[in-house]
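Asks: Sending over a structure as structure tokens; questions will come in a sec.
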Amino acid sequence: MDTDAAVALTQDRLAEEGGTMGELLGHFRNRVSPVLIGDPQWARILERAEMLPITMGALPFGFELPLHASEPRADFGVSLASGTRTAAFFRERARADGTDETARVITRICARMEGEDSPLREIVGRKLMLEYDIGAAGDGGRSLPGMFLRPGERPILGARGQVTDVRVVADALFSCVGWEMSDSERENIERVYLAQPEDTRMDSFGVFPSRSRAMRLAIMGFRSRQAT
């Protein structure tokens with residue numbers, strides 16, 4: 001069984017067990033120490049997860065723990081792939097509720113990935129990662145999650161002349177959240193890539209639409225402190 005078939009089967013089985021990620025996470029509380037995630041914070045994670053389909057459990061999900069903070073809290077991360085049952089869920093939600101901006105953005109990105117001869121899919125595949133700021137209490141679930149693309153199909157390596165690939169991924173993220181990239185922003189992103197040592201790779205591109213306008217670039221593979 002290939003990966004796509006395995007994901008589809010897992011999504012079908014999960015859908016038989018419940019409706020939301022909140023229901024799935026409810027089984028995990030006794031496996032997550034309250035020292036890492038306190039009870040009030042866990043309740044907020046479940047509240048947010050109740051808005052997400054249980055089929056998202058077929059792909060990696062987890063928690064980002066701010067180890068520099070004393071409060072036992074965590075942000076919640078999930079992922080999905082275009083062309084799957086989960087992507088169809090968000091597509092239907094975007095169609096039914098024009099105010100659901102998260103569903104609309106996800107649908108736009110998936111459409112970019114599923115387009116014929118998609119340059120974006122050739123670089124990042126079909127996967128999108130979401131990061132929810134659980135610590136932002138009181139937003140009623142309206143804030144958009146951080147959104148990340150990883151060049152897994154065609155890694156973007158330092159000193160390999162892949163500026164065009166950098167543009168494709170960065171432009172896709174910006175445009176799908178409704179931002180128009182300026183010349184200076186594009187130049188800054190390209191400058192970061194061109195400064196990368198040859199042994200490094202651009203691991204992910206991310207935007208946080210509900211925060212300030214910026215792009216987070218994660219670069220992996222540095223062999224020394226001086227190289228950074």
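Residue numbering restarts at 1 in every chain; chains get A, B, ... in the order shown in the structure tokens, and ligands count up from 1 in that same order.
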Just the residues within 8 Å of Phe205 (chain A), please, counting only C-alpha atoms, with nothing from its chain fewer than 5 positions along; format it as a list of chain:residue names.
Replies: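 The neighbour list is A:Phe148, A:Leu149, A:Arg150, A:Val169, A:Ala170, A:Met215, A:Arg216, A:Leu217, A:Ala218.
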Asks: Convert the current residue selection to file output with N, CA and C atoms, as a short mmCIF file (atom, residue, chain, number, x, y, z; two decimals), in the first residue's frame.
Replies:
data_model
loop_
_atom_site.label_atom_id
_atom_site.label_comp_id
_atom_site.auth_asym_id
_atom_site.auth_seq_id
_atom_site.Cartn_x
_atom_site.Cartn_y
_atom_site.Cartn_z
N PHE A 148 2.59 26.74 6.93
CA PHE A 148 3.95 26.39 6.55
C PHE A 148 3.96 25.42 5.36
N LEU A 149 4.90 25.66 4.47
CA LEU A 149 5.17 24.75 3.36
C LEU A 149 6.62 24.29 3.46
N ARG A 150 6.85 23.00 3.22
CA ARG A 150 8.21 22.45 3.28
C ARG A 150 8.60 21.89 1.92
N VAL A 169 7.53 29.25 -3.92
CA VAL A 169 6.95 28.92 -2.62
C VAL A 169 6.55 30.19 -1.86
N ALA A 170 7.42 31.18 -1.83
CA ALA A 170 7.12 32.41 -1.11
C ALA A 170 5.92 33.12 -1.71
N MET A 215 7.58 36.72 6.78
CA MET A 215 7.73 35.32 6.41
C MET A 215 8.83 34.71 7.27
N ARG A 216 8.53 33.56 7.86
CA ARG A 216 9.50 32.85 8.68
C ARG A 216 10.19 31.78 7.82
N LEU A 217 11.49 31.85 7.75
CA LEU A 217 12.27 30.88 6.99
C LEU A 217 13.08 30.03 7.95
N ALA A 218 12.94 28.72 7.86
CA ALA A 218 13.73 27.81 8.68
C ALA A 218 14.80 27.18 7.81
#
Asks: Excluding Val192 (chain A) and any residue of its chain fewer than 5 positions from it, enumerate the residues within 10 Å of it, using only C-alpha atoms, and give them as a list in words.
Replies: Gly158, Glu187, Met202, Leu217 and Ile219 of chain A
Asks: For a quick check of understanding, using only C-alpha atoms, which of A:Ile134, A:Leu46, A:Ala214, A:Leu59 has the smallest distance to Glu23 (chain A)?
Replies: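 Answer, going by the shortest atom-to-atom distance: A:Leu46.
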Asks: Pick out each residue of region 80-145 of chain A that DSSP on the backbone tags as helix (DSSP H, G or I); I need them as a count of residues only.
Replies: 32
Asks: As number ranges by chain, which residues of chain A does DSSP assign to strand (DSSP E)?
Replies: A: 62-64, 75-81, 127-132, 146-149, 156-157, 201-207, 216-220
